[in-house]
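Text of the file start_10.cif, holding mmCIF, N, CA and C atoms:
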data_query
loop_
_atom_site.group_PDB
_atom_site.id
_atom_site.type_symbol
_atom_site.label_atom_id
_atom_site.label_comp_id
_atom_site.auth_asym_id
_atom_site.auth_seq_id
_atom_site.Cartn_x
_atom_site.Cartn_y
_atom_site.Cartn_z
ATOM 1 N N MET A 1 -44.550 64.550 -5.158
ATOM 2 C CA MET A 1 -43.809 65.469 -4.335
ATOM 3 C C MET A 1 -44.015 65.105 -2.869
ATOM 4 N N ALA A 2 -42.913 65.002 -2.144
ATOM 5 C CA ALA A 2 -42.962 64.734 -0.708
ATOM 6 C C ALA A 2 -42.477 65.968 0.037
ATOM 7 N N ILE A 3 -43.046 66.180 1.201
ATOM 8 C CA ILE A 3 -42.608 67.254 2.076
ATOM 9 C C ILE A 3 -42.038 66.566 3.311
ATOM 10 N N LYS A 4 -40.735 66.773 3.533
ATOM 11 C CA LYS A 4 -40.033 66.090 4.615
ATOM 12 C C LYS A 4 -39.645 67.101 5.680
ATOM 13 N N TYR A 5 -39.993 66.792 6.918
ATOM 14 C CA TYR A 5 -39.619 67.628 8.053
ATOM 15 C C TYR A 5 -38.465 66.947 8.778
ATOM 16 N N THR A 6 -37.328 67.652 8.911
ATOM 17 C CA THR A 6 -36.163 67.108 9.601
ATOM 18 C C THR A 6 -35.682 68.110 10.641
ATOM 19 N N CYS A 7 -35.045 67.595 11.680
ATOM 20 C CA CYS A 7 -34.495 68.457 12.724
ATOM 21 C C CYS A 7 -33.231 69.118 12.203
ATOM 22 N N ARG A 8 -33.161 70.413 12.347
ATOM 23 C CA ARG A 8 -32.006 71.163 11.858
ATOM 24 C C ARG A 8 -30.746 70.865 12.663
ATOM 25 N N HIS A 9 -30.867 70.297 13.861
ATOM 26 C CA HIS A 9 -29.707 70.036 14.705
ATOM 27 C C HIS A 9 -29.226 68.591 14.629
ATOM 28 N N CYS A 10 -30.121 67.633 14.813
ATOM 29 C CA CYS A 10 -29.714 66.226 14.864
ATOM 30 C C CYS A 10 -30.041 65.461 13.586
ATOM 31 N N GLN A 11 -30.687 66.117 12.621
ATOM 32 C CA GLN A 11 -31.029 65.536 11.320
ATOM 33 C C GLN A 11 -32.044 64.398 11.400
ATOM 34 N N THR A 12 -32.726 64.231 12.522
ATOM 35 C CA THR A 12 -33.758 63.209 12.661
ATOM 36 C C THR A 12 -34.951 63.555 11.785
ATOM 37 N N THR A 13 -35.492 62.545 11.106
ATOM 38 C CA THR A 13 -36.718 62.761 10.339
ATOM 39 C C THR A 13 -37.879 62.840 11.309
ATOM 40 N N ILE A 14 -38.608 63.920 11.244
ATOM 41 C CA ILE A 14 -39.737 64.131 12.148
ATOM 42 C C ILE A 14 -41.030 63.672 11.511
ATOM 43 N N GLY A 15 -41.150 63.851 10.214
ATOM 44 C CA GLY A 15 -42.353 63.410 9.530
ATOM 45 C C GLY A 15 -42.285 63.713 8.051
ATOM 46 N N GLU A 16 -43.179 63.108 7.292
ATOM 47 C CA GLU A 16 -43.256 63.314 5.848
ATOM 48 C C GLU A 16 -44.716 63.390 5.427
ATOM 49 N N ILE A 17 -44.958 64.205 4.429
ATOM 50 C CA ILE A 17 -46.287 64.305 3.830
ATOM 51 C C ILE A 17 -46.149 63.875 2.381
ATOM 52 N N HIS A 18 -46.900 62.857 1.995
ATOM 53 C CA HIS A 18 -46.879 62.347 0.625
ATOM 54 C C HIS A 18 -48.243 62.563 -0.019
ATOM 55 N N GLN A 19 -48.663 63.796 -0.042
ATOM 56 C CA GLN A 19 -49.972 64.108 -0.596
ATOM 57 C C GLN A 19 -49.805 65.200 -1.643
ATOM 58 N N HIS A 20 -50.291 64.938 -2.826
ATOM 59 C CA HIS A 20 -50.221 65.925 -3.889
ATOM 60 C C HIS A 20 -51.266 67.007 -3.653
ATOM 61 N N GLY A 21 -50.939 68.201 -4.078
ATOM 62 C CA GLY A 21 -51.895 69.284 -3.994
ATOM 63 C C GLY A 21 -51.903 70.034 -2.674
ATOM 64 N N VAL A 22 -50.964 69.741 -1.775
ATOM 65 C CA VAL A 22 -50.887 70.498 -0.534
ATOM 66 C C VAL A 22 -50.214 71.825 -0.856
ATOM 67 N N SER A 23 -50.867 72.909 -0.512
ATOM 68 C CA SER A 23 -50.337 74.231 -0.855
ATOM 69 C C SER A 23 -49.427 74.760 0.251
ATOM 70 N N GLU A 24 -48.578 75.696 -0.126
ATOM 71 C CA GLU A 24 -47.716 76.343 0.857
ATOM 72 C C GLU A 24 -48.559 77.113 1.872
ATOM 73 N N TYR A 25 -49.709 77.577 1.446
ATOM 74 C CA TYR A 25 -50.619 78.257 2.358
ATOM 75 C C TYR A 25 -51.121 77.284 3.437
ATOM 76 N N GLN A 26 -51.494 76.074 3.030
ATOM 77 C CA GLN A 26 -51.972 75.075 3.992
ATOM 78 C C GLN A 26 -50.876 74.688 4.974
ATOM 79 N N LEU A 27 -49.627 74.721 4.532
ATOM 80 C CA LEU A 27 -48.503 74.359 5.396
ATOM 81 C C LEU A 27 -48.052 75.530 6.269
ATOM 82 N N GLY A 28 -48.573 76.712 6.017
ATOM 83 C CA GLY A 28 -48.219 77.878 6.815
ATOM 84 C C GLY A 28 -46.970 78.599 6.357
ATOM 85 N N PHE A 29 -46.449 78.233 5.184
ATOM 86 C CA PHE A 29 -45.227 78.860 4.693
ATOM 87 C C PHE A 29 -45.424 80.344 4.393
ATOM 88 N N HIS A 30 -46.641 80.757 4.151
ATOM 89 C CA HIS A 30 -46.905 82.160 3.825
ATOM 90 C C HIS A 30 -46.616 83.095 5.005
ATOM 91 N N PHE A 31 -46.486 82.556 6.210
ATOM 92 C CA PHE A 31 -46.159 83.377 7.372
ATOM 93 C C PHE A 31 -44.664 83.701 7.453
ATOM 94 N N LEU A 32 -43.844 82.982 6.693
ATOM 95 C CA LEU A 32 -42.395 83.151 6.757
ATOM 96 C C LEU A 32 -41.925 84.332 5.916
ATOM 97 N N THR A 33 -40.905 85.007 6.402
ATOM 98 C CA THR A 33 -40.275 86.060 5.610
ATOM 99 C C THR A 33 -39.410 85.396 4.540
ATOM 100 N N PRO A 34 -38.996 86.125 3.514
ATOM 101 C CA PRO A 34 -38.110 85.532 2.501
ATOM 102 C C PRO A 34 -36.822 84.960 3.103
ATOM 103 N N GLU A 35 -36.270 85.623 4.115
ATOM 104 C CA GLU A 35 -35.056 85.122 4.764
ATOM 105 C C GLU A 35 -35.324 83.820 5.515
ATOM 106 N N GLU A 36 -36.446 83.755 6.207
ATOM 107 C CA GLU A 36 -36.808 82.531 6.924
ATOM 108 C C GLU A 36 -37.044 81.389 5.944
ATOM 109 N N ARG A 37 -37.685 81.679 4.830
ATOM 110 C CA ARG A 37 -37.937 80.651 3.812
ATOM 111 C C ARG A 37 -36.627 80.057 3.311
ATOM 112 N N ARG A 38 -35.644 80.930 3.034
ATOM 113 C CA ARG A 38 -34.340 80.444 2.549
ATOM 114 C C ARG A 38 -33.644 79.588 3.598
ATOM 115 N N ASP A 39 -33.820 79.931 4.870
ATOM 116 C CA ASP A 39 -33.163 79.208 5.956
ATOM 117 C C ASP A 39 -33.856 77.894 6.286
ATOM 118 N N ILE A 40 -35.165 77.857 6.167
ATOM 119 C CA ILE A 40 -35.959 76.725 6.646
ATOM 120 C C ILE A 40 -36.329 75.733 5.544
ATOM 121 N N ILE A 41 -36.617 76.211 4.345
ATOM 122 C CA ILE A 41 -37.162 75.363 3.281
ATOM 123 C C ILE A 41 -36.136 75.178 2.178
ATOM 124 N N SER A 42 -35.965 73.926 1.744
ATOM 125 C CA SER A 42 -35.108 73.667 0.582
ATOM 126 C C SER A 42 -35.852 72.737 -0.378
ATOM 127 N N TYR A 43 -35.574 72.934 -1.641
ATOM 128 C CA TYR A 43 -36.234 72.167 -2.705
ATOM 129 C C TYR A 43 -35.177 71.369 -3.440
ATOM 130 N N ASP A 44 -35.481 70.107 -3.762
ATOM 131 C CA ASP A 44 -34.523 69.337 -4.562
ATOM 132 C C ASP A 44 -35.060 69.162 -5.980
ATOM 133 N N PRO A 45 -34.190 68.758 -6.916
ATOM 134 C CA PRO A 45 -34.596 68.670 -8.325
ATOM 135 C C PRO A 45 -35.786 67.743 -8.593
ATOM 136 N N SER A 46 -35.996 66.743 -7.748
ATOM 137 C CA SER A 46 -37.110 65.814 -7.964
ATOM 138 C C SER A 46 -38.451 66.407 -7.533
ATOM 139 N N GLY A 47 -38.412 67.608 -6.931
ATOM 140 C CA GLY A 47 -39.645 68.245 -6.505
ATOM 141 C C GLY A 47 -39.960 68.081 -5.026
ATOM 142 N N ASP A 48 -39.130 67.311 -4.313
ATOM 143 C CA ASP A 48 -39.350 67.146 -2.882
ATOM 144 C C ASP A 48 -38.948 68.411 -2.138
ATOM 145 N N VAL A 49 -39.584 68.630 -1.017
ATOM 146 C CA VAL A 49 -39.337 69.802 -0.187
ATOM 147 C C VAL A 49 -38.854 69.312 1.173
ATOM 148 N N THR A 50 -37.783 69.919 1.693
ATOM 149 C CA THR A 50 -37.304 69.614 3.035
ATOM 150 C C THR A 50 -37.496 70.855 3.891
ATOM 151 N N VAL A 51 -38.129 70.661 5.036
ATOM 152 C CA VAL A 51 -38.388 71.751 5.970
ATOM 153 C C VAL A 51 -37.574 71.463 7.230
ATOM 154 N N LYS A 52 -36.685 72.395 7.572
ATOM 155 C CA LYS A 52 -35.838 72.228 8.753
ATOM 156 C C LYS A 52 -36.522 72.852 9.956
ATOM 157 N N VAL A 53 -36.833 72.007 10.937
ATOM 158 C CA VAL A 53 -37.458 72.451 12.177
ATOM 159 C C VAL A 53 -36.613 71.926 13.334
ATOM 160 N N VAL A 54 -37.068 72.071 14.564
ATOM 161 C CA VAL A 54 -36.338 71.579 15.730
ATOM 162 C C VAL A 54 -37.198 70.521 16.415
ATOM 163 N N CYS A 55 -36.627 69.334 16.614
ATOM 164 C CA CYS A 55 -37.369 68.254 17.272
ATOM 165 C C CYS A 55 -37.500 68.542 18.768
ATOM 166 N N ASP A 56 -38.367 67.812 19.439
ATOM 167 C CA ASP A 56 -38.619 68.025 20.864
ATOM 168 C C ASP A 56 -37.358 67.801 21.696
ATOM 169 N N TYR A 57 -36.596 66.765 21.360
ATOM 170 C CA TYR A 57 -35.379 66.459 22.111
ATOM 171 C C TYR A 57 -34.400 67.636 22.055
ATOM 172 N N CYS A 58 -34.143 68.150 20.862
ATOM 173 C CA CYS A 58 -33.205 69.264 20.710
ATOM 174 C C CYS A 58 -33.753 70.544 21.331
ATOM 175 N N ARG A 59 -35.052 70.767 21.204
ATOM 176 C CA ARG A 59 -35.659 71.952 21.815
ATOM 177 C C ARG A 59 -35.471 71.925 23.324
ATOM 178 N N GLU A 60 -35.722 70.773 23.940
ATOM 179 C CA GLU A 60 -35.563 70.652 25.389
ATOM 180 C C GLU A 60 -34.101 70.844 25.793
ATOM 181 N N ALA A 61 -33.178 70.278 25.019
ATOM 182 C CA ALA A 61 -31.747 70.422 25.323
ATOM 183 C C ALA A 61 -31.313 71.880 25.215
ATOM 184 N N LEU A 62 -31.792 72.573 24.196
ATOM 185 C CA LEU A 62 -31.438 73.987 24.021
ATOM 186 C C LEU A 62 -32.075 74.869 25.099
ATOM 187 N N GLU A 63 -33.277 74.512 25.535
ATOM 188 C CA GLU A 63 -33.911 75.271 26.614
ATOM 189 C C GLU A 63 -33.169 75.074 27.930
ATOM 190 N N ALA A 64 -32.697 73.851 28.181
ATOM 191 C CA ALA A 64 -31.980 73.555 29.417
ATOM 192 C C ALA A 64 -30.561 74.124 29.395
ATOM 193 N N HIS A 65 -29.976 74.230 28.191
ATOM 194 C CA HIS A 65 -28.597 74.701 28.037
ATOM 195 C C HIS A 65 -28.529 75.707 26.893
ATOM 196 N N PRO A 66 -29.003 76.931 27.108
ATOM 197 C CA PRO A 66 -29.060 77.917 26.022
ATOM 198 C C PRO A 66 -27.704 78.238 25.414
ATOM 199 N N GLU A 67 -26.635 78.003 26.141
ATOM 200 C CA GLU A 67 -25.297 78.268 25.606
ATOM 201 C C GLU A 67 -24.969 77.381 24.404
ATOM 202 N N LEU A 68 -25.674 76.274 24.254
ATOM 203 C CA LEU A 68 -25.453 75.401 23.094
ATOM 204 C C LEU A 68 -25.805 76.100 21.785
ATOM 205 N N SER A 69 -26.696 77.070 21.841
ATOM 206 C CA SER A 69 -27.097 77.767 20.619
ATOM 207 C C SER A 69 -25.956 78.599 20.029
ATOM 208 N N LEU A 70 -24.896 78.821 20.797
ATOM 209 C CA LEU A 70 -23.738 79.559 20.313
ATOM 210 C C LEU A 70 -22.840 78.710 19.427
ATOM 211 N N LEU A 71 -23.009 77.394 19.477
ATOM 212 C CA LEU A 71 -22.192 76.477 18.688
ATOM 213 C C LEU A 71 -22.799 76.287 17.305
ATOM 214 N N GLY A 72 -21.958 76.017 16.324
ATOM 215 C CA GLY A 72 -22.440 75.800 14.953
ATOM 216 C C GLY A 72 -23.312 74.570 14.828
ATOM 217 N N SER A 73 -22.928 73.463 15.419
ATOM 218 C CA SER A 73 -23.703 72.215 15.409
ATOM 219 C C SER A 73 -23.793 71.702 16.845
ATOM 220 N N PRO A 74 -24.705 72.251 17.627
ATOM 221 C CA PRO A 74 -24.727 71.942 19.057
ATOM 222 C C PRO A 74 -25.147 70.518 19.413
ATOM 223 N N LEU A 75 -25.995 69.907 18.614
ATOM 224 C CA LEU A 75 -26.551 68.602 18.994
ATOM 225 C C LEU A 75 -26.451 67.641 17.813
ATOM 226 N N GLN A 76 -25.318 67.041 17.661
ATOM 227 C CA GLN A 76 -25.138 66.147 16.512
ATOM 228 C C GLN A 76 -25.490 64.736 16.881
#
Encoded form using C-alpha cells:
Amino acid sequence: MAIKYTCRHCQTTIGEIHQHGVSEYQLGFHFLTPEERRDIISYDPSGDVTVKVVCDYCREALEAHPELSLLGSPLQ
C-alpha cells in the first residue's frame, strides 16, 4: 500500500510513503471530520491512498490572489 500526496490544484506529486503498517492515526487522519475525509482522502482498488493537499506554489498563489479560490480549477 502506498500513500500518495498530490496537490489538489495543480496535480503535482508532493510525496509518497511506501511503508506498510502506517496507521491513519500516525498520518493525522483522525483529526479530520467525515466530510473532510471524503474531500481529502481517496482509496483505489489496489489499496493505495491518495491525499489531496495544497503545494507551496499553489498556496502562495492563492494567498497573493485570493480571488482565484472562487474558480473551480484556479491553478492548472
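Within the file as shown, the PyMOL selection byres (((chain A and resi 55 and name CA) around 10) and name CA) identifies Tyr5, Thr6, Cys7, Arg8, His9, Cys10, Gln11, Thr12, Thr13, Ile14, Lys52, Val53, Val54, Asp56, Tyr57, Cys58, Arg59 and Glu60 of chain A.
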* Enumerate the residues of chain A with a DSSP assignment of strand (DSSP E or B), computed from the backbone, and present them as a list of chain:residue names. =>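 Restricting chain A to strand (DSSP E or B) produces A:Ile3, A:Lys4, A:Tyr5, A:Thr6, A:Cys7, A:Thr13, A:Ile14, A:Gly15, A:Glu16, A:Ile17, A:Ile41, A:Ser42, A:Tyr43, A:Val49, A:Thr50, A:Val51, A:Lys52, A:Val53.
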* Measuring atom to atom with only N, CA and C atoms, identify which of A:Ile40, A:Val51, A:Leu32, A:Leu27 is nearest to Ile3 (chain A). => A:Val51
* Asked: How many Å separate atom N of Phe31 (chain A) from atom N of Val49 (chain A)?
  -> 17.1 Å
* Residues within 9 Å of Ile17 (chain A), only C-alpha atoms, excluding chain neighbours under 3 positions, as an MDAnalysis selection string -> chainID A and resid 1:5 20 22
* Asked: What separation in Å, quoted to one decimal, exists between CA of Gly47 (chain A) and CA of His18 (chain A)?
  ->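 CA of His18 (chain A) lies 11.7 Å from CA of Gly47 (chain A).
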